[in-house]
file coords_20.cif (mmCIF, C-alpha atoms)
data_my_file
#
loop_
_atom_site.label_atom_id
_atom_site.label_comp_id
_atom_site.auth_asym_id
_atom_site.auth_seq_id
_atom_site.Cartn_x
_atom_site.Cartn_y
_atom_site.Cartn_z
CA ALA A 292 0.00 0.00 0.00
CA GLN A 293 1.09 3.54 -0.62
CA THR A 294 2.55 5.52 2.25
CA VAL A 295 2.87 9.24 2.75
CA THR A 296 5.51 10.70 5.05
CA GLN A 297 5.65 14.19 6.48
CA SER A 298 8.90 14.45 8.39
CA GLN A 299 8.23 17.80 10.07
CA PRO A 300 5.69 17.51 12.91
CA GLU A 301 5.92 21.26 13.55
CA MET A 302 7.14 24.30 11.65
CA SER A 303 7.06 27.99 12.37
CA VAL A 304 7.44 31.03 10.13
CA GLN A 305 7.51 34.76 10.60
CA GLU A 306 4.62 36.67 9.09
CA ALA A 307 5.37 37.71 5.48
CA GLU A 308 8.19 35.17 5.20
CA THR A 309 8.30 31.95 3.17
CA VAL A 310 8.10 28.42 4.51
CA THR A 311 8.36 25.01 2.87
CA LEU A 312 6.62 21.90 4.16
CA SER A 313 8.01 18.53 3.13
CA CYS A 314 6.21 15.42 1.92
CA THR A 315 7.46 12.18 0.44
CA TYR A 316 5.47 9.20 -0.73
CA ASP A 317 6.06 5.64 -1.73
CA THR A 318 4.27 4.10 -4.70
CA SER A 319 4.78 1.81 -7.65
CA GLU A 320 1.90 3.34 -9.57
CA SER A 321 2.21 5.73 -12.47
CA ASP A 322 -1.32 7.16 -12.27
CA TYR A 323 -1.91 9.13 -9.10
CA TYR A 324 -2.75 12.52 -7.67
CA LEU A 325 -1.24 14.51 -4.86
CA PHE A 326 -2.90 17.05 -2.60
CA TRP A 327 -2.19 19.42 0.23
CA TYR A 328 -4.99 20.05 2.71
CA LYS A 329 -5.19 22.60 5.49
CA GLN A 330 -7.01 21.89 8.73
CA PRO A 331 -7.59 24.88 11.05
CA PRO A 332 -8.81 24.41 14.64
CA SER A 333 -12.37 24.19 13.32
CA ARG A 334 -11.41 20.67 12.03
CA GLN A 335 -12.64 21.52 8.56
CA MET A 336 -10.48 20.03 5.79
CA ILE A 337 -9.68 22.65 3.16
CA LEU A 338 -7.99 21.88 -0.15
CA VAL A 339 -4.89 24.01 -0.67
CA ILE A 340 -3.44 22.69 -3.90
CA ARG A 341 -3.41 19.60 -6.13
CA GLN A 342 -1.00 18.01 -8.60
CA GLU A 343 -1.48 15.35 -11.23
CA ALA A 344 1.45 12.93 -11.48
CA TYR A 345 1.47 13.09 -15.27
CA LYS A 346 2.00 16.85 -15.26
CA GLN A 347 5.58 18.03 -15.08
CA GLN A 348 4.68 21.62 -14.33
CA ASN A 349 4.44 22.46 -10.65
CA ALA A 350 1.01 23.59 -9.50
CA THR A 351 0.52 27.07 -8.07
CA GLU A 352 -2.42 28.70 -6.31
CA ASN A 353 -1.76 32.32 -5.41
CA ARG A 354 0.74 32.25 -2.50
CA PHE A 355 0.90 28.45 -2.50
CA SER A 356 3.09 26.42 -4.82
CA VAL A 357 4.50 22.92 -4.91
CA ASN A 358 7.82 21.42 -5.85
CA PHE A 359 6.91 18.08 -7.40
CA GLN A 360 9.89 15.80 -7.92
CA LYS A 361 8.41 12.62 -9.39
CA ALA A 362 11.58 10.57 -9.54
CA ALA A 363 12.37 11.40 -5.93
CA LYS A 364 8.70 10.93 -4.93
CA SER A 365 8.71 14.27 -3.23
CA PHE A 366 5.89 16.82 -3.06
CA SER A 367 6.73 19.87 -0.95
CA LEU A 368 4.48 22.87 -0.32
CA LYS A 369 5.83 26.40 -0.35
CA ILE A 370 3.84 29.17 1.29
CA SER A 371 4.98 32.67 0.34
CA ASP A 372 4.18 35.88 2.18
CA SER A 373 2.86 33.89 5.15
CA GLN A 374 -0.21 35.26 6.88
CA LEU A 375 -1.58 34.70 10.36
CA GLY A 376 -4.52 32.87 8.81
CA ASP A 377 -2.16 30.26 7.37
CA ALA A 378 -1.60 28.81 10.84
CA ALA A 379 -3.08 25.30 10.79
CA MET A 380 -2.30 21.63 10.39
CA TYR A 381 -1.22 20.78 6.86
CA PHE A 382 -1.69 17.32 5.43
CA CYS A 383 -0.15 15.85 2.33
CA ALA A 384 -2.31 13.24 0.59
CA TYR A 385 -1.93 10.66 -2.17
CA ARG A 386 -4.74 9.20 -4.24
CA SER A 387 -4.39 6.23 -6.53
CA GLY A 388 -5.73 6.90 -10.00
CA GLY A 389 -6.69 3.26 -10.39
CA THR A 390 -8.42 2.36 -7.13
CA ASN A 391 -9.21 5.79 -5.64
CA ASP A 392 -7.58 4.60 -2.43
CA MET A 393 -6.45 7.75 -0.65
CA ARG A 394 -3.81 8.10 2.08
CA PHE A 395 -2.68 11.00 4.22
CA GLY A 396 0.53 11.92 5.96
CA ALA A 397 0.68 12.52 9.71
CA GLY A 398 0.55 16.28 9.25
CA THR A 399 2.69 19.34 9.96
CA ARG A 400 1.52 21.96 12.42
CA LEU A 401 2.38 25.41 11.09
CA THR A 402 2.67 28.36 13.44
CA VAL A 403 2.84 31.89 12.04
CA LYS A 404 4.52 34.46 14.27
CA PRO A 405 3.47 38.11 14.04
CA ASN B 273 -25.22 23.30 -0.27
CA ALA B 274 -25.13 20.45 2.27
CA GLY B 275 -22.16 18.59 0.75
CA VAL B 276 -21.16 15.76 3.10
CA THR B 277 -23.27 15.38 6.24
CA GLN B 278 -22.18 13.29 9.21
CA THR B 279 -24.31 12.33 12.16
CA PRO B 280 -23.92 12.51 15.07
CA LYS B 281 -21.33 15.24 15.74
CA PHE B 282 -20.50 13.94 19.21
CA GLN B 283 -21.05 10.63 20.94
CA VAL B 284 -19.96 8.98 24.17
CA LEU B 285 -20.14 5.20 24.39
CA LYS B 286 -19.32 2.60 26.99
CA THR B 287 -16.93 -0.20 26.16
CA GLY B 288 -18.79 -3.01 24.39
CA GLN B 289 -21.64 -0.88 23.08
CA SER B 290 -22.39 -0.75 19.38
CA MET B 291 -22.81 2.36 17.26
CA THR B 292 -23.36 3.35 13.63
CA LEU B 293 -21.96 6.58 12.25
CA GLN B 294 -23.96 7.92 9.35
CA CYS B 295 -22.67 9.76 6.30
CA ALA B 296 -24.60 11.15 3.36
CA GLN B 297 -23.53 13.23 0.38
CA ASP B 298 -25.70 15.11 -2.08
CA MET B 299 -23.14 15.68 -4.83
CA ASN B 300 -23.78 12.47 -6.77
CA HIS B 301 -20.28 11.29 -5.96
CA ASN B 302 -19.24 7.74 -6.70
CA SER B 303 -16.53 7.20 -4.08
CA MET B 304 -16.89 7.57 -0.32
CA TYR B 305 -14.41 7.14 2.52
CA TRP B 306 -14.19 6.79 6.28
CA TYR B 307 -11.14 8.04 8.17
CA ARG B 308 -10.15 8.32 11.78
CA GLN B 309 -7.96 11.12 13.03
CA ASP B 310 -5.81 10.71 16.11
CA PRO B 311 -3.28 13.22 17.48
CA GLY B 312 0.06 12.93 15.72
CA MET B 313 -1.18 10.34 13.25
CA GLY B 314 -3.06 12.32 10.65
CA LEU B 315 -6.02 10.77 8.90
CA ARG B 316 -5.97 7.01 8.59
CA LEU B 317 -8.23 5.29 6.10
CA ILE B 318 -10.60 2.76 7.64
CA TYR B 319 -12.69 1.72 4.64
CA TYR B 320 -13.63 3.17 1.33
CA SER B 321 -16.21 2.52 -1.34
CA ALA B 322 -15.03 3.25 -4.86
CA SER B 323 -18.55 2.91 -6.22
CA GLU B 324 -22.00 1.83 -5.13
CA GLY B 325 -21.98 -1.84 -4.20
CA THR B 326 -18.25 -2.08 -3.47
CA THR B 327 -16.22 -1.61 -0.31
CA ASP B 328 -12.53 -2.06 0.39
CA LYS B 329 -10.38 -2.11 3.48
CA GLY B 330 -8.00 0.73 4.20
CA GLU B 331 -5.15 0.92 6.69
CA VAL B 332 -7.05 0.29 9.92
CA PRO B 333 -10.23 -1.73 9.25
CA ASN B 334 -10.16 -3.98 12.33
CA GLY B 335 -13.11 -3.43 14.64
CA TYR B 336 -15.21 -1.70 11.99
CA ASN B 337 -17.77 -2.61 9.37
CA VAL B 338 -19.21 -0.48 6.61
CA SER B 339 -22.27 -0.43 4.41
CA ARG B 340 -22.71 1.44 1.16
CA LEU B 341 -26.46 1.66 1.44
CA ASN B 342 -26.91 3.48 -1.85
CA LYS B 343 -24.98 6.04 -3.83
CA ARG B 344 -25.63 8.76 -1.26
CA GLU B 345 -24.99 6.94 2.01
CA PHE B 346 -22.01 5.19 3.54
CA SER B 347 -22.24 4.09 7.17
CA LEU B 348 -19.56 2.97 9.62
CA ARG B 349 -20.41 0.52 12.38
CA LEU B 350 -18.59 -0.30 15.58
CA GLU B 351 -19.96 -3.64 16.75
CA SER B 352 -18.26 -3.69 20.15
CA ALA B 353 -16.65 -0.36 20.94
CA ALA B 354 -13.22 -0.28 22.57
CA PRO B 355 -11.36 2.66 24.19
CA SER B 356 -8.78 2.45 21.37
CA GLN B 357 -11.52 3.56 18.99
CA THR B 358 -11.82 6.92 20.69
CA SER B 359 -11.10 9.32 17.85
CA VAL B 360 -12.50 11.89 15.46
CA TYR B 361 -14.10 10.21 12.45
CA PHE B 362 -14.35 11.87 9.07
CA CYS B 363 -16.40 10.87 6.07
CA ALA B 364 -15.37 12.09 2.63
CA SER B 365 -16.45 11.71 -0.96
CA ILE B 366 -15.19 12.36 -4.48
CA SER B 367 -16.77 12.14 -7.89
CA GLY B 368 -14.65 9.12 -8.71
CA GLY B 369 -12.91 8.01 -11.81
CA SER B 370 -9.43 9.02 -12.71
CA SER B 371 -9.59 12.69 -11.86
CA ASN B 372 -7.84 15.31 -9.84
CA GLN B 373 -10.98 16.29 -8.00
CA PRO B 374 -10.36 16.74 -4.27
CA GLN B 375 -12.25 14.97 -1.55
CA HIS B 376 -15.12 16.75 0.11
CA PHE B 377 -15.16 16.18 3.85
CA GLY B 378 -17.84 16.16 6.48
CA ASP B 379 -17.39 18.09 9.71
CA GLY B 380 -16.34 15.01 11.68
CA THR B 381 -17.76 12.98 14.55
CA ARG B 382 -15.97 13.09 17.89
CA LEU B 383 -16.40 9.67 19.49
CA SER B 384 -15.34 8.90 23.05
CA ILE B 385 -15.41 5.39 24.43
CA LEU B 386 -15.18 4.98 28.18
#
call {"tool": "encode", "arguments": {"input": "coords_20.cif", "output": "structure tokens"}}
result
Amino acid sequence: AQTVTQSQPEMSVQEAETVTLSCTYDTSESDYYLFWYKQPPSRQMILVIRQEAYKQQNATENRFSVNFQKAAKSFSLKISDSQLGDAAMYFCAYRSGGTNDMRFGAGTRLTVKP
Amino acid sequence: NAGVTQTPKFQVLKTGQSMTLQCAQDMNHNSMYWYRQDPGMGLRLIYYSASEGTTDKGEVPNGYNVSRLNKREFSLRLESAAPSQTSVYFCASISGGSSNQPQHFGDGTRLSIL
């Protein structure tokens, strides 16, 4: 089964600075999708960004971008111009294109300092 | 705009009691999922249903059963609750197929087993 690893349980960043959250995954599949979700204290799961494995171009969504290294099975999230509202748990997730099985990493708690 | 609805939102059980968590989605999605979230462990997949009439085990299926009642509903049953099953449970759904569509999550059920 696929596994997703987030090696940073906690990260902190100064407001307006940039931070990168790491994620690696293990798979033998060629068809899959990768996601970053944000979970604030409200427990709601909010999609941040998504990446298709067949696309070489890194996805971007405003201040959020990814560095997708397919050969290294790495999928890091970069948050630019960090804001206080970015403070949350961030989860990396993998979904199989064939079975729709979906797995999450253990999460990284991001703190934003004013 | 109900999306994914979970009931109940909170529940306290005694060890050995049984309980069914309900999940319904109104987005005509094919695939539905049940996760549990424990501190420091992210979301772990219990069971999923890729389409109506099918169910598959995830990472942590022991102690649980599921039923895909119809396309809209996917229930999770604890036959004999144990303290180790104290957790927050999330239901999620996606349209299915090979797509980059993100999962839509319910608000979670906080379950405590004494």
call {"tool": "atom_distance", "arguments": {"input": "coords_20.cif", "atom1": "atom CA of Thr277 of chain B", "atom2": "atom CA of Val338 of chain B"}}
result
16.4 Å
call {"tool": "closest_residue", "arguments": {"input": "coords_20.cif", "among": "A:Leu338, A:Ala350, A:Val310, A:Val295", "to": "chain B", "atoms": "all atoms listed in the file"}}
result
A:Leu338
call {"tool": "residues_around", "arguments": {"input": "coords_20.cif", "residues": "Phe355 of chain A", "least_positions_apart": "5", "cutoff": "7 Å", "atoms": "all atoms listed in the file", "output": "PDB file with C-alpha atoms, in the frame of the given file"}}
result
ATOM      1  CA  LEU A 368       4.480  22.870  -0.320  1.00  0.00           C
ATOM      2  CA  LYS A 369       5.830  26.400  -0.350  1.00  0.00           C
ATOM      3  CA  ILE A 370       3.840  29.170   1.290  1.00  0.00           C
ATOM      4  CA  SER A 371       4.980  32.670   0.340  1.00  0.00           C
TER       5      SER A 371
END
call {"tool": "interface_residues", "arguments": {"input": "coords_20.cif", "of": "chain B", "to": "chain A", "cutoff": "12 Å", "atoms": "all atoms listed in the file", "output": "ChimeraX atom specification"}}
result
/B:276,281,302-323,326-332,360-382
call {"tool": "write_last_selection", "arguments": {"input": "coords_20.cif", "atoms": "C-alpha atoms", "output": "mmCIF file, in the frame of the given file"}}
result
data_model
loop_
_atom_site.group_PDB
_atom_site.id
_atom_site.type_symbol
_atom_site.label_atom_id
_atom_site.label_comp_id
_atom_site.auth_asym_id
_atom_site.auth_seq_id
_atom_site.Cartn_x
_atom_site.Cartn_y
_atom_site.Cartn_z
ATOM 1 C CA VAL B 276 -21.160 15.760 3.100
ATOM 2 C CA LYS B 281 -21.330 15.240 15.740
ATOM 3 C CA ASN B 302 -19.240 7.740 -6.700
ATOM 4 C CA SER B 303 -16.530 7.200 -4.080
ATOM 5 C CA MET B 304 -16.890 7.570 -0.320
ATOM 6 C CA TYR B 305 -14.410 7.140 2.520
ATOM 7 C CA TRP B 306 -14.190 6.790 6.280
ATOM 8 C CA TYR B 307 -11.140 8.040 8.170
ATOM 9 C CA ARG B 308 -10.150 8.320 11.780
ATOM 10 C CA GLN B 309 -7.960 11.120 13.030
ATOM 11 C CA ASP B 310 -5.810 10.710 16.110
ATOM 12 C CA PRO B 311 -3.280 13.220 17.480
ATOM 13 C CA GLY B 312 0.060 12.930 15.720
ATOM 14 C CA MET B 313 -1.180 10.340 13.250
ATOM 15 C CA GLY B 314 -3.060 12.320 10.650
ATOM 16 C CA LEU B 315 -6.020 10.770 8.900
ATOM 17 C CA ARG B 316 -5.970 7.010 8.590
ATOM 18 C CA LEU B 317 -8.230 5.290 6.100
ATOM 19 C CA ILE B 318 -10.600 2.760 7.640
ATOM 20 C CA TYR B 319 -12.690 1.720 4.640
ATOM 21 C CA TYR B 320 -13.630 3.170 1.330
ATOM 22 C CA SER B 321 -16.210 2.520 -1.340
ATOM 23 C CA ALA B 322 -15.030 3.250 -4.860
ATOM 24 C CA SER B 323 -18.550 2.910 -6.220
ATOM 25 C CA THR B 326 -18.250 -2.080 -3.470
ATOM 26 C CA THR B 327 -16.220 -1.610 -0.310
ATOM 27 C CA ASP B 328 -12.530 -2.060 0.390
ATOM 28 C CA LYS B 329 -10.380 -2.110 3.480
ATOM 29 C CA GLY B 330 -8.000 0.730 4.200
ATOM 30 C CA GLU B 331 -5.150 0.920 6.690
ATOM 31 C CA VAL B 332 -7.050 0.290 9.920
ATOM 32 C CA VAL B 360 -12.500 11.890 15.460
ATOM 33 C CA TYR B 361 -14.100 10.210 12.450
ATOM 34 C CA PHE B 362 -14.350 11.870 9.070
ATOM 35 C CA CYS B 363 -16.400 10.870 6.070
ATOM 36 C CA ALA B 364 -15.370 12.090 2.630
ATOM 37 C CA SER B 365 -16.450 11.710 -0.960
ATOM 38 C CA ILE B 366 -15.190 12.360 -4.480
ATOM 39 C CA SER B 367 -16.770 12.140 -7.890
ATOM 40 C CA GLY B 368 -14.650 9.120 -8.710
ATOM 41 C CA GLY B 369 -12.910 8.010 -11.810
ATOM 42 C CA SER B 370 -9.430 9.020 -12.710
ATOM 43 C CA SER B 371 -9.590 12.690 -11.860
ATOM 44 C CA ASN B 372 -7.840 15.310 -9.840
ATOM 45 C CA GLN B 373 -10.980 16.290 -8.000
ATOM 46 C CA PRO B 374 -10.360 16.740 -4.270
ATOM 47 C CA GLN B 375 -12.250 14.970 -1.550
ATOM 48 C CA HIS B 376 -15.120 16.750 0.110
ATOM 49 C CA PHE B 377 -15.160 16.180 3.850
ATOM 50 C CA GLY B 378 -17.840 16.160 6.480
ATOM 51 C CA ASP B 379 -17.390 18.090 9.710
ATOM 52 C CA GLY B 380 -16.340 15.010 11.680
ATOM 53 C CA THR B 381 -17.760 12.980 14.550
ATOM 54 C CA ARG B 382 -15.970 13.090 17.890
#
call {"tool": "resolve_selection", "arguments": {"input": "coords_20.cif", "expression": "the PyMOL selection byres ((chain A and resi 308) around 9)", "output": "PyMOL selection string"}}
result
chain A and resi 304-307+309-310+370-374
call {"tool": "atom_distance", "arguments": {"input": "coords_20.cif", "atom1": "atom CA of Met302 of chain A", "atom2": "atom CA of Asp377 of chain A"}}
result
11.8 Å
call {"tool": "closest_residue", "arguments": {"input": "coords_20.cif", "among": "B:Met291, B:Ala296, B:Leu285, B:Ala274", "to": "Thr358 of chain B", "atoms": "only C-alpha atoms"}}
result
B:Leu285
call {"tool": "atom_distance", "arguments": {"input": "coords_20.cif", "atom1": "atom CA of Pro280 of chain B", "atom2": "atom CA of His301 of chain B"}}
result
21.4 Å
call {"tool": "residues_around", "arguments": {"input": "coords_20.cif", "residues": "Gly275 of chain B", "least_positions_apart": "5", "cutoff": "7 Å", "atoms": "all atoms listed in the file", "output": "count of residues only"}}
result
3
call {"tool": "resolve_selection", "arguments": {"input": "coords_20.cif", "expression": "the PyMOL selection byres ((chain A and resi 364) around 9)", "output": "list in words"}}
result
Cys314, Thr315, Tyr316, Asp317, Thr318, Phe359, Gln360, Lys361, Ala362, Ala363, Ser365 and Phe366 of chain A
call {"tool": "resolve_selection", "arguments": {"input": "coords_20.cif", "expression": "the PyMOL selection byres ((chain B and resi 342) around 10)", "output": "NGL selection string"}}
result
:B and (296 or 323-325 or 339-341 or 343-346)
call {"tool": "closest_residue", "arguments": {"input": "coords_20.cif", "among": "A:Ala378, A:Tyr385, A:Pro331, A:Asn353", "to": "Ser303 of chain A", "atoms": "all atoms listed in the file"}}
result
A:Ala378
call {"tool": "residues_around", "arguments": {"input": "coords_20.cif", "residues": "Gln357 of chain B", "least_positions_apart": "6", "cutoff": "8 Å", "atoms": "all atoms listed in the file", "output": "list of chain:residue names"}}
result
B:Leu383, B:Ser384, B:Ile385
call {"tool": "residues_around", "arguments": {"input": "coords_20.cif", "residues": "Leu348 of chain B", "least_positions_apart": "6", "cutoff": "6 Å", "atoms": "only C-alpha atoms", "output": "list in words"}}
result
Thr292, Leu293, Asn337 and Val338 of chain B
call {"tool": "decode", "arguments": {"input": "coords_20.cif", "residues": "segment 332-389 of chain A", "atoms": "C-alpha atoms", "output": "compact mmCIF listing (two decimals), in the first residue's frame"}}
result
# COMPACT_ATOMS: atom_id res chain seq x y z
CA PRO A 332 -8.81 24.41 14.64
CA SER A 333 -12.37 24.19 13.32
CA ARG A 334 -11.41 20.67 12.03
CA GLN A 335 -12.64 21.52 8.56
CA MET A 336 -10.48 20.03 5.79
CA ILE A 337 -9.68 22.65 3.16
CA LEU A 338 -7.99 21.88 -0.15
CA VAL A 339 -4.89 24.01 -0.67
CA ILE A 340 -3.44 22.69 -3.90
CA ARG A 341 -3.41 19.60 -6.13
CA GLN A 342 -1.00 18.01 -8.60
CA GLU A 343 -1.48 15.35 -11.23
CA ALA A 344 1.45 12.93 -11.48
CA TYR A 345 1.47 13.09 -15.27
CA LYS A 346 2.00 16.85 -15.26
CA GLN A 347 5.58 18.03 -15.08
CA GLN A 348 4.68 21.62 -14.33
CA ASN A 349 4.44 22.46 -10.65
CA ALA A 350 1.01 23.59 -9.50
CA THR A 351 0.52 27.07 -8.07
CA GLU A 352 -2.42 28.70 -6.31
CA ASN A 353 -1.76 32.32 -5.41
CA ARG A 354 0.74 32.25 -2.50
CA PHE A 355 0.90 28.45 -2.50
CA SER A 356 3.09 26.42 -4.82
CA VAL A 357 4.50 22.92 -4.91
CA ASN A 358 7.82 21.42 -5.85
CA PHE A 359 6.91 18.08 -7.40
CA GLN A 360 9.89 15.80 -7.92
CA LYS A 361 8.41 12.62 -9.39
CA ALA A 362 11.58 10.57 -9.54
CA ALA A 363 12.37 11.40 -5.93
CA LYS A 364 8.70 10.93 -4.93
CA SER A 365 8.71 14.27 -3.23
CA PHE A 366 5.89 16.82 -3.06
CA SER A 367 6.73 19.87 -0.95
CA LEU A 368 4.48 22.87 -0.32
CA LYS A 369 5.83 26.40 -0.35
CA ILE A 370 3.84 29.17 1.29
CA SER A 371 4.98 32.67 0.34
CA ASP A 372 4.18 35.88 2.18
CA SER A 373 2.86 33.89 5.15
CA GLN A 374 -0.21 35.26 6.88
CA LEU A 375 -1.58 34.70 10.36
CA GLY A 376 -4.52 32.87 8.81
CA ASP A 377 -2.16 30.26 7.37
CA ALA A 378 -1.60 28.81 10.84
CA ALA A 379 -3.08 25.30 10.79
CA MET A 380 -2.30 21.63 10.39
CA TYR A 381 -1.22 20.78 6.86
CA PHE A 382 -1.69 17.32 5.43
CA CYS A 383 -0.15 15.85 2.33
CA ALA A 384 -2.31 13.24 0.59
CA TYR A 385 -1.93 10.66 -2.17
CA ARG A 386 -4.74 9.20 -4.24
CA SER A 387 -4.39 6.23 -6.53
CA GLY A 388 -5.73 6.90 -10.00
CA GLY A 389 -6.69 3.26 -10.39
